[in-house]
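Below: protein29.cif (mmCIF, N, CA and C atoms)
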```
data_target
#
loop_
_atom_site.label_atom_id
_atom_site.label_comp_id
_atom_site.auth_asym_id
_atom_site.auth_seq_id
_atom_site.Cartn_x
_atom_site.Cartn_y
_atom_site.Cartn_z
N ALA A 1 168.41 -8.78 162.22
CA ALA A 1 168.30 -7.97 163.41
C ALA A 1 166.84 -7.74 163.79
N VAL A 2 165.99 -7.49 162.77
CA VAL A 2 164.57 -7.29 163.06
C VAL A 2 163.96 -8.58 163.59
N ALA A 3 164.28 -9.71 162.94
CA ALA A 3 163.74 -10.99 163.40
C ALA A 3 164.21 -11.30 164.81
N THR A 4 165.45 -11.00 165.11
CA THR A 4 165.97 -11.25 166.46
C THR A 4 165.20 -10.43 167.49
N SER A 5 164.82 -9.21 167.14
CA SER A 5 164.06 -8.39 168.09
C SER A 5 162.67 -8.96 168.35
N VAL A 6 162.13 -9.73 167.40
CA VAL A 6 160.80 -10.33 167.57
C VAL A 6 160.88 -11.60 168.41
N HIS A 7 161.76 -12.53 168.02
CA HIS A 7 161.78 -13.84 168.66
C HIS A 7 162.99 -14.11 169.53
N GLY A 8 163.98 -13.20 169.52
CA GLY A 8 165.14 -13.36 170.39
C GLY A 8 166.16 -14.38 169.93
N ILE A 9 165.98 -14.94 168.75
CA ILE A 9 166.91 -15.94 168.24
C ILE A 9 168.02 -15.23 167.48
N THR A 10 169.26 -15.47 167.88
CA THR A 10 170.40 -14.81 167.26
C THR A 10 171.07 -15.76 166.28
N ASP A 11 171.93 -15.20 165.44
CA ASP A 11 172.70 -16.02 164.49
C ASP A 11 173.54 -17.06 165.22
N GLU A 12 174.08 -16.69 166.37
CA GLU A 12 174.90 -17.62 167.15
C GLU A 12 174.08 -18.82 167.62
N MET A 13 172.82 -18.60 167.93
CA MET A 13 171.95 -19.68 168.42
C MET A 13 171.67 -20.72 167.34
N VAL A 14 171.69 -20.31 166.07
CA VAL A 14 171.38 -21.24 164.99
C VAL A 14 172.63 -21.71 164.25
N ALA A 15 173.79 -21.19 164.64
CA ALA A 15 175.04 -21.61 164.00
C ALA A 15 175.23 -23.11 164.21
N GLY A 16 175.56 -23.80 163.13
CA GLY A 16 175.81 -25.23 163.21
C GLY A 16 174.56 -26.09 163.23
N ARG A 17 173.41 -25.49 163.14
CA ARG A 17 172.14 -26.24 163.12
C ARG A 17 171.88 -26.75 161.72
N SER A 18 170.92 -27.66 161.61
CA SER A 18 170.57 -28.24 160.31
C SER A 18 170.10 -27.16 159.34
N PRO A 19 170.45 -27.29 158.07
CA PRO A 19 169.99 -26.33 157.06
C PRO A 19 168.49 -26.48 156.81
N LEU A 20 167.90 -25.42 156.29
CA LEU A 20 166.45 -25.39 156.06
C LEU A 20 165.94 -26.58 155.24
N PRO A 21 166.57 -26.97 154.14
CA PRO A 21 166.02 -28.11 153.38
C PRO A 21 165.94 -29.39 154.23
N GLU A 22 166.91 -29.61 155.10
CA GLU A 22 166.88 -30.79 155.96
C GLU A 22 165.75 -30.68 156.99
N VAL A 23 165.62 -29.52 157.59
CA VAL A 23 164.56 -29.30 158.57
C VAL A 23 163.19 -29.43 157.91
N LEU A 24 163.08 -28.91 156.69
CA LEU A 24 161.83 -29.00 155.96
C LEU A 24 161.46 -30.45 155.68
N GLY A 25 162.45 -31.26 155.36
CA GLY A 25 162.22 -32.69 155.17
C GLY A 25 161.71 -33.34 156.45
N ASP A 26 162.30 -32.97 157.58
CA ASP A 26 161.84 -33.50 158.87
C ASP A 26 160.39 -33.09 159.13
N LEU A 27 160.07 -31.84 158.84
CA LEU A 27 158.70 -31.35 159.03
C LEU A 27 157.72 -32.10 158.13
N ALA A 28 158.10 -32.28 156.87
CA ALA A 28 157.22 -32.98 155.92
C ALA A 28 156.95 -34.41 156.40
N ARG A 29 157.97 -35.09 156.87
CA ARG A 29 157.78 -36.46 157.38
C ARG A 29 156.91 -36.46 158.63
N PHE A 30 157.17 -35.54 159.53
CA PHE A 30 156.40 -35.45 160.78
C PHE A 30 154.93 -35.15 160.51
N ALA A 31 154.68 -34.27 159.55
CA ALA A 31 153.31 -33.80 159.30
C ALA A 31 152.59 -34.61 158.23
N ASP A 32 153.22 -35.65 157.70
CA ASP A 32 152.58 -36.47 156.68
C ASP A 32 151.27 -37.04 157.22
N ASP A 33 150.23 -37.03 156.41
CA ASP A 33 148.92 -37.55 156.79
C ASP A 33 148.28 -36.80 157.96
N THR A 34 148.61 -35.52 158.10
CA THR A 34 148.00 -34.71 159.15
C THR A 34 147.49 -33.41 158.55
N VAL A 35 146.93 -32.61 159.40
CA VAL A 35 146.53 -31.25 159.05
C VAL A 35 147.47 -30.32 159.81
N LEU A 36 148.14 -29.44 159.09
CA LEU A 36 148.96 -28.43 159.75
C LEU A 36 148.05 -27.32 160.24
N VAL A 37 148.16 -27.01 161.51
CA VAL A 37 147.36 -25.95 162.10
C VAL A 37 148.30 -24.82 162.49
N GLY A 38 147.92 -23.61 162.16
CA GLY A 38 148.75 -22.48 162.52
C GLY A 38 147.93 -21.22 162.64
N HIS A 39 148.60 -20.17 163.07
CA HIS A 39 148.00 -18.85 163.13
C HIS A 39 148.62 -18.04 162.01
N ASP A 40 147.81 -17.61 161.07
CA ASP A 40 148.28 -16.94 159.85
C ASP A 40 149.28 -17.85 159.14
N ILE A 41 148.87 -19.09 158.97
CA ILE A 41 149.76 -20.12 158.43
C ILE A 41 150.22 -19.80 157.01
N ALA A 42 149.46 -19.03 156.26
CA ALA A 42 149.88 -18.66 154.91
C ALA A 42 151.18 -17.87 154.96
N PHE A 43 151.37 -17.08 156.00
CA PHE A 43 152.61 -16.31 156.16
C PHE A 43 153.80 -17.26 156.30
N ASP A 44 153.67 -18.26 157.16
CA ASP A 44 154.76 -19.23 157.36
C ASP A 44 155.02 -20.03 156.09
N LEU A 45 153.95 -20.48 155.46
CA LEU A 45 154.11 -21.30 154.25
C LEU A 45 154.71 -20.51 153.10
N ALA A 46 154.51 -19.21 153.09
CA ALA A 46 155.10 -18.38 152.03
C ALA A 46 156.63 -18.44 152.06
N PHE A 47 157.20 -18.71 153.22
CA PHE A 47 158.65 -18.86 153.34
C PHE A 47 159.10 -20.28 153.03
N LEU A 48 158.24 -21.24 153.35
CA LEU A 48 158.63 -22.65 153.22
C LEU A 48 158.35 -23.24 151.85
N ARG A 49 157.26 -22.87 151.23
CA ARG A 49 156.87 -23.47 149.94
C ARG A 49 157.96 -23.33 148.87
N PRO A 50 158.64 -22.18 148.76
CA PRO A 50 159.66 -22.08 147.71
C PRO A 50 160.84 -23.04 147.90
N VAL A 51 161.04 -23.56 149.10
CA VAL A 51 162.17 -24.46 149.37
C VAL A 51 161.78 -25.92 149.17
N GLU A 52 160.48 -26.20 149.06
CA GLU A 52 160.01 -27.58 148.92
C GLU A 52 160.72 -28.34 147.80
N GLU A 53 160.71 -27.76 146.61
CA GLU A 53 161.26 -28.46 145.45
C GLU A 53 162.76 -28.72 145.62
N SER A 54 163.50 -27.70 146.03
CA SER A 54 164.94 -27.89 146.20
C SER A 54 165.26 -28.87 147.33
N ALA A 55 164.36 -28.98 148.30
CA ALA A 55 164.55 -29.92 149.41
C ALA A 55 164.08 -31.32 149.03
N GLY A 56 163.37 -31.42 147.90
CA GLY A 56 162.86 -32.71 147.47
C GLY A 56 161.76 -33.25 148.35
N VAL A 57 160.96 -32.35 148.92
CA VAL A 57 159.87 -32.75 149.81
C VAL A 57 158.59 -32.03 149.41
N ALA A 58 157.50 -32.52 149.93
CA ALA A 58 156.21 -31.86 149.75
C ALA A 58 155.57 -31.69 151.12
N LEU A 59 155.31 -30.47 151.48
CA LEU A 59 154.62 -30.22 152.73
C LEU A 59 153.16 -30.61 152.58
N PRO A 60 152.51 -30.97 153.66
CA PRO A 60 151.09 -31.31 153.56
C PRO A 60 150.30 -30.12 153.01
N SER A 61 149.33 -30.44 152.19
CA SER A 61 148.51 -29.37 151.62
C SER A 61 147.30 -29.08 152.51
N ARG A 62 147.04 -29.95 153.45
CA ARG A 62 145.90 -29.73 154.36
C ARG A 62 146.36 -28.85 155.51
N VAL A 63 145.79 -27.64 155.55
CA VAL A 63 146.12 -26.68 156.60
C VAL A 63 144.85 -26.09 157.18
N LEU A 64 144.97 -25.60 158.38
CA LEU A 64 143.86 -24.95 159.07
C LEU A 64 144.43 -23.73 159.78
N ASP A 65 143.79 -22.60 159.59
CA ASP A 65 144.31 -21.34 160.12
C ASP A 65 143.38 -20.81 161.20
N ILE A 66 143.88 -20.73 162.44
CA ILE A 66 143.02 -20.25 163.52
C ILE A 66 142.76 -18.75 163.41
N LEU A 67 143.62 -18.02 162.73
CA LEU A 67 143.36 -16.60 162.49
C LEU A 67 142.10 -16.45 161.66
N LEU A 68 142.00 -17.22 160.59
CA LEU A 68 140.82 -17.14 159.72
C LEU A 68 139.58 -17.70 160.40
N LEU A 69 139.75 -18.75 161.19
CA LEU A 69 138.60 -19.28 161.93
C LEU A 69 138.10 -18.26 162.93
N SER A 70 139.01 -17.52 163.54
CA SER A 70 138.61 -16.46 164.45
C SER A 70 137.80 -15.40 163.72
N ALA A 71 138.22 -15.08 162.50
CA ALA A 71 137.48 -14.09 161.71
C ALA A 71 136.09 -14.59 161.35
N VAL A 72 135.94 -15.90 161.20
CA VAL A 72 134.62 -16.49 160.93
C VAL A 72 133.75 -16.39 162.18
N LEU A 73 134.32 -16.72 163.31
CA LEU A 73 133.55 -16.75 164.57
C LEU A 73 133.30 -15.36 165.14
N HIS A 74 134.19 -14.42 164.87
CA HIS A 74 134.10 -13.07 165.42
C HIS A 74 134.34 -12.06 164.30
N PRO A 75 133.34 -11.91 163.41
CA PRO A 75 133.54 -11.10 162.20
C PRO A 75 133.40 -9.59 162.37
N ALA A 76 133.18 -9.11 163.58
CA ALA A 76 132.96 -7.68 163.76
C ALA A 76 134.13 -6.86 163.23
N GLU A 77 133.80 -5.76 162.61
CA GLU A 77 134.82 -4.84 162.08
C GLU A 77 135.77 -4.42 163.21
N GLY A 78 137.05 -4.49 162.92
CA GLY A 78 138.03 -4.06 163.91
C GLY A 78 138.37 -5.11 164.96
N GLU A 79 137.77 -6.28 164.85
CA GLU A 79 138.05 -7.37 165.80
C GLU A 79 139.52 -7.76 165.69
N ASN A 80 140.16 -7.97 166.82
CA ASN A 80 141.57 -8.33 166.85
C ASN A 80 141.71 -9.84 166.79
N HIS A 81 142.44 -10.34 165.79
CA HIS A 81 142.62 -11.78 165.62
C HIS A 81 144.09 -12.18 165.79
N SER A 82 144.87 -11.34 166.45
CA SER A 82 146.27 -11.68 166.70
C SER A 82 146.33 -12.90 167.63
N LEU A 83 147.44 -13.59 167.62
CA LEU A 83 147.59 -14.77 168.47
C LEU A 83 147.43 -14.38 169.94
N ASP A 84 148.00 -13.24 170.32
CA ASP A 84 147.87 -12.80 171.71
C ASP A 84 146.42 -12.48 172.06
N ALA A 85 145.70 -11.84 171.14
CA ALA A 85 144.28 -11.52 171.38
C ALA A 85 143.45 -12.79 171.49
N LEU A 86 143.74 -13.78 170.64
CA LEU A 86 143.00 -15.05 170.72
C LEU A 86 143.31 -15.77 172.03
N ALA A 87 144.55 -15.73 172.45
CA ALA A 87 144.91 -16.36 173.73
C ALA A 87 144.14 -15.70 174.87
N ARG A 88 144.03 -14.39 174.84
CA ARG A 88 143.24 -13.70 175.89
C ARG A 88 141.76 -14.09 175.79
N ARG A 89 141.20 -14.09 174.57
CA ARG A 89 139.79 -14.40 174.38
C ARG A 89 139.44 -15.78 174.93
N TYR A 90 140.34 -16.75 174.70
CA TYR A 90 140.06 -18.13 175.10
C TYR A 90 140.77 -18.52 176.39
N SER A 91 141.31 -17.54 177.10
CA SER A 91 141.98 -17.77 178.39
C SER A 91 143.07 -18.84 178.29
N VAL A 92 143.86 -18.74 177.26
CA VAL A 92 144.97 -19.67 177.05
C VAL A 92 146.25 -18.99 177.52
N PRO A 93 146.97 -19.61 178.45
CA PRO A 93 148.23 -19.01 178.90
C PRO A 93 149.26 -19.01 177.78
N VAL A 94 150.04 -17.94 177.71
CA VAL A 94 151.06 -17.80 176.68
C VAL A 94 152.43 -17.97 177.33
N LEU A 95 153.11 -19.02 176.94
CA LEU A 95 154.46 -19.29 177.43
C LEU A 95 155.36 -19.48 176.22
N GLY A 96 156.50 -18.85 176.20
CA GLY A 96 157.43 -19.02 175.09
C GLY A 96 156.96 -18.38 173.81
N ARG A 97 156.34 -17.20 173.91
CA ARG A 97 155.83 -16.51 172.73
C ARG A 97 156.96 -16.24 171.74
N HIS A 98 156.66 -16.38 170.48
CA HIS A 98 157.60 -16.20 169.37
C HIS A 98 158.68 -17.27 169.34
N THR A 99 158.37 -18.41 169.94
CA THR A 99 159.22 -19.58 169.76
C THR A 99 158.36 -20.63 169.08
N ALA A 100 158.98 -21.55 168.36
CA ALA A 100 158.20 -22.57 167.64
C ALA A 100 157.32 -23.36 168.59
N LEU A 101 157.90 -23.87 169.67
CA LEU A 101 157.13 -24.69 170.59
C LEU A 101 156.07 -23.87 171.32
N GLY A 102 156.45 -22.70 171.80
CA GLY A 102 155.50 -21.86 172.53
C GLY A 102 154.30 -21.48 171.69
N ASP A 103 154.55 -21.01 170.48
CA ASP A 103 153.45 -20.60 169.60
C ASP A 103 152.62 -21.80 169.16
N ALA A 104 153.26 -22.95 168.96
CA ALA A 104 152.52 -24.15 168.56
C ALA A 104 151.58 -24.60 169.67
N LEU A 105 152.05 -24.57 170.90
CA LEU A 105 151.20 -24.99 172.02
C LEU A 105 150.03 -24.03 172.22
N VAL A 106 150.28 -22.74 172.11
CA VAL A 106 149.21 -21.75 172.25
C VAL A 106 148.19 -21.94 171.13
N THR A 107 148.67 -22.13 169.91
CA THR A 107 147.79 -22.32 168.76
C THR A 107 146.92 -23.56 168.95
N ALA A 108 147.51 -24.65 169.41
CA ALA A 108 146.76 -25.89 169.62
C ALA A 108 145.68 -25.69 170.68
N GLU A 109 146.04 -25.04 171.77
CA GLU A 109 145.05 -24.82 172.84
C GLU A 109 143.92 -23.91 172.39
N ILE A 110 144.24 -22.92 171.56
CA ILE A 110 143.20 -22.03 171.04
C ILE A 110 142.26 -22.82 170.13
N LEU A 111 142.81 -23.66 169.26
CA LEU A 111 141.94 -24.46 168.39
C LEU A 111 141.00 -25.33 169.21
N VAL A 112 141.52 -25.98 170.22
CA VAL A 112 140.68 -26.83 171.08
C VAL A 112 139.58 -25.97 171.72
N ALA A 113 139.94 -24.78 172.18
CA ALA A 113 138.95 -23.90 172.80
C ALA A 113 137.91 -23.42 171.80
N MET A 114 138.27 -23.32 170.53
CA MET A 114 137.34 -22.85 169.49
C MET A 114 136.32 -23.91 169.08
N ILE A 115 136.61 -25.16 169.35
CA ILE A 115 135.78 -26.25 168.82
C ILE A 115 134.31 -26.11 169.21
N GLU A 116 134.04 -25.72 170.44
CA GLU A 116 132.64 -25.57 170.86
C GLU A 116 131.95 -24.47 170.05
N GLU A 117 132.62 -23.35 169.84
CA GLU A 117 132.05 -22.26 169.04
C GLU A 117 131.87 -22.67 167.59
N LEU A 118 132.87 -23.37 167.05
CA LEU A 118 132.77 -23.83 165.67
C LEU A 118 131.58 -24.77 165.50
N THR A 119 131.42 -25.69 166.44
CA THR A 119 130.30 -26.63 166.39
C THR A 119 128.97 -25.88 166.46
N ALA A 120 128.89 -24.91 167.34
CA ALA A 120 127.65 -24.11 167.47
C ALA A 120 127.35 -23.36 166.18
N ALA A 121 128.41 -23.02 165.43
CA ALA A 121 128.23 -22.32 164.16
C ALA A 121 127.98 -23.28 163.00
N GLY A 122 127.88 -24.58 163.30
CA GLY A 122 127.62 -25.58 162.26
C GLY A 122 128.86 -26.01 161.52
N ILE A 123 130.02 -25.71 162.07
CA ILE A 123 131.30 -26.08 161.44
C ILE A 123 131.88 -27.23 162.26
N VAL A 124 131.72 -28.45 161.70
CA VAL A 124 132.15 -29.62 162.48
C VAL A 124 133.19 -30.48 161.78
N THR A 125 133.37 -30.31 160.49
CA THR A 125 134.35 -31.12 159.77
C THR A 125 135.51 -30.23 159.31
N TYR A 126 136.59 -30.89 158.95
CA TYR A 126 137.73 -30.17 158.41
C TYR A 126 137.31 -29.40 157.15
N GLY A 127 136.58 -30.05 156.27
CA GLY A 127 136.13 -29.41 155.03
C GLY A 127 135.28 -28.18 155.30
N GLU A 128 134.38 -28.27 156.26
CA GLU A 128 133.54 -27.12 156.61
C GLU A 128 134.39 -25.98 157.19
N ALA A 129 135.39 -26.33 157.99
CA ALA A 129 136.26 -25.31 158.58
C ALA A 129 137.06 -24.60 157.49
N VAL A 130 137.61 -25.37 156.55
CA VAL A 130 138.38 -24.77 155.46
C VAL A 130 137.49 -23.89 154.59
N ALA A 131 136.30 -24.39 154.27
CA ALA A 131 135.38 -23.61 153.43
C ALA A 131 135.00 -22.30 154.11
N ALA A 132 134.69 -22.35 155.39
CA ALA A 132 134.32 -21.13 156.11
C ALA A 132 135.50 -20.17 156.19
N ALA A 133 136.67 -20.69 156.51
CA ALA A 133 137.85 -19.84 156.64
C ALA A 133 138.21 -19.20 155.30
N THR A 134 138.17 -19.99 154.24
CA THR A 134 138.52 -19.51 152.91
C THR A 134 137.55 -18.45 152.41
N ALA A 135 136.30 -18.55 152.82
CA ALA A 135 135.28 -17.60 152.36
C ALA A 135 135.27 -16.31 153.18
N SER A 136 136.02 -16.28 154.27
CA SER A 136 135.99 -15.09 155.13
C SER A 136 136.63 -13.90 154.42
N PRO A 137 136.13 -12.70 154.68
CA PRO A 137 136.74 -11.49 154.09
C PRO A 137 138.22 -11.37 154.45
N LEU A 138 138.58 -11.80 155.65
CA LEU A 138 139.99 -11.72 156.05
C LEU A 138 140.86 -12.61 155.17
N ALA A 139 140.34 -13.76 154.75
CA ALA A 139 141.10 -14.64 153.86
C ALA A 139 141.37 -13.95 152.53
N LYS A 140 140.39 -13.25 152.05
CA LYS A 140 140.57 -12.54 150.78
C LYS A 140 141.61 -11.42 150.91
N GLN A 141 141.60 -10.72 152.04
CA GLN A 141 142.61 -9.69 152.29
C GLN A 141 143.99 -10.32 152.44
N SER A 142 144.08 -11.42 153.17
CA SER A 142 145.35 -12.09 153.41
C SER A 142 145.96 -12.61 152.12
N ALA A 143 145.13 -13.10 151.22
CA ALA A 143 145.61 -13.66 149.96
C ALA A 143 146.34 -12.62 149.12
N LYS A 144 145.99 -11.36 149.29
CA LYS A 144 146.62 -10.28 148.51
C LYS A 144 148.07 -10.04 148.93
N ARG A 145 148.46 -10.54 150.10
CA ARG A 145 149.81 -10.30 150.58
C ARG A 145 150.85 -11.16 149.84
N PHE A 146 150.42 -12.27 149.26
CA PHE A 146 151.39 -13.21 148.69
C PHE A 146 151.21 -13.38 147.22
#
```
Just give me the structure of the file as structure tokens.
Amino acid sequence: AVATSVHGITDEMVAGRSPLPEVLGDLARFADDTVLVGHDIAFDLAFLRPVEESAGVALPSRVLDILLLSAVLHPAEGENHSLDALARRYSVPVLGRHTALGDALVTAEILVAMIEELTAAGIVTYGEAVAAATASPLAKQSAKRF
């Protein structure tokens, strides 16, 4: 009921759909040899990682979190790094919020918009982005949740 109030997806809407292990396999195949980009991606992966073994798949280990990159680029105390706040900051239109496709498109557009700032900050490679994001104080706080 709480999840339905956030994203509007009801039990009836998912009735008869593929089970999570099958969907996870599809995701693993789709994302093979890529970098998964998300907003607070550790939160999503915390739900998916425990199913990997039973699904017989391995999700990509290369991830990039725009929430943490935002914290690197805008470290001021009290700075808002929510997906909606980032969309406003980078003038990215939000369509289909709290849906997989809608949030994925917003996240992708925000990452593209961040590239100029990241480059100006000397962050130009995937490795540099991960290192900066991982070293951020927000990453340390986020790690305590899981």
request  = For the structure shown, which residues end up in the PyMOL selection byres ((chain A and resi 65) around 6)? Put them as number ranges by chain, please?
outcome  = A: 37-41, 63-64, 66-70
inquiry  = To test your reading of the syntax: which residues would the PyMOL selection byres ((chain A and resi 75-92) around 7) return for the file shown? Reply as a count of residues only.
reply    = 14
ask   = Hey, what does DSSP flag as strand (DSSP E or B) within chain A? Can you give it to me as a count of residues only?
value = 6
ask   = Hey, what does DSSP flag as alpha helix (DSSP H) within region 2-144 of chain A? Can you give it to me as a VMD selection string?
value = chain A and resid 2 to 7 11 to 14 20 to 31 41 to 55 66 to 73 83 to 89 100 to 120 126 to 135 137 to 143
inquiry  = Using Å and a single decimal, report how far atom C of Arg62 (chain A) sits from atom C of Tyr126 (chain A).
reply    = 9.2 Å
task = Give me, please, the distance in Å between CA of Ala135 (chain A) and atom N of Thr34 (chain A), quoted to one decimal.
result =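 These atoms are spaced 23.1 Å apart.
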message = Set the distance at 12 Å and use only C-alpha atoms: which residues neighbour Ser61 (chain A) once local chain neighbours fewer than 6 positions away are removed? I'd like the list as a ChimeraX atom specification.
response = /A:28,31-37,41-42,45,49,52,130
remark   = Students should find that CA of Asp26 (chain A) and CA of Pro60 (chain A) are spaced 12.2 Å
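If only C-alpha atoms are the atoms counted, then among A:Ala100, A:Ala120, A:Ala139, A:Leu24 the closest residue to Pro50 (chain A) is A:Leu24.
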Pro21 (chain A): which residues within 6.5 Å, counting only N, CA and C atoms, same-chain residues fewer than 6 positions away excluded, as a compact mmCIF listing (two decimals) with N, CA and C atoms, in the frame of the given file?
```txt
# COMPACT_ATOMS: atom_id res chain seq x y z
N VAL A 51 161.04 -23.56 149.10
CA VAL A 51 162.17 -24.46 149.37
C VAL A 51 161.78 -25.92 149.17
N SER A 54 163.50 -27.70 146.03
CA SER A 54 164.94 -27.89 146.20
C SER A 54 165.26 -28.87 147.33
N ALA A 55 164.36 -28.98 148.30
CA ALA A 55 164.55 -29.92 149.41
C ALA A 55 164.08 -31.32 149.03
```
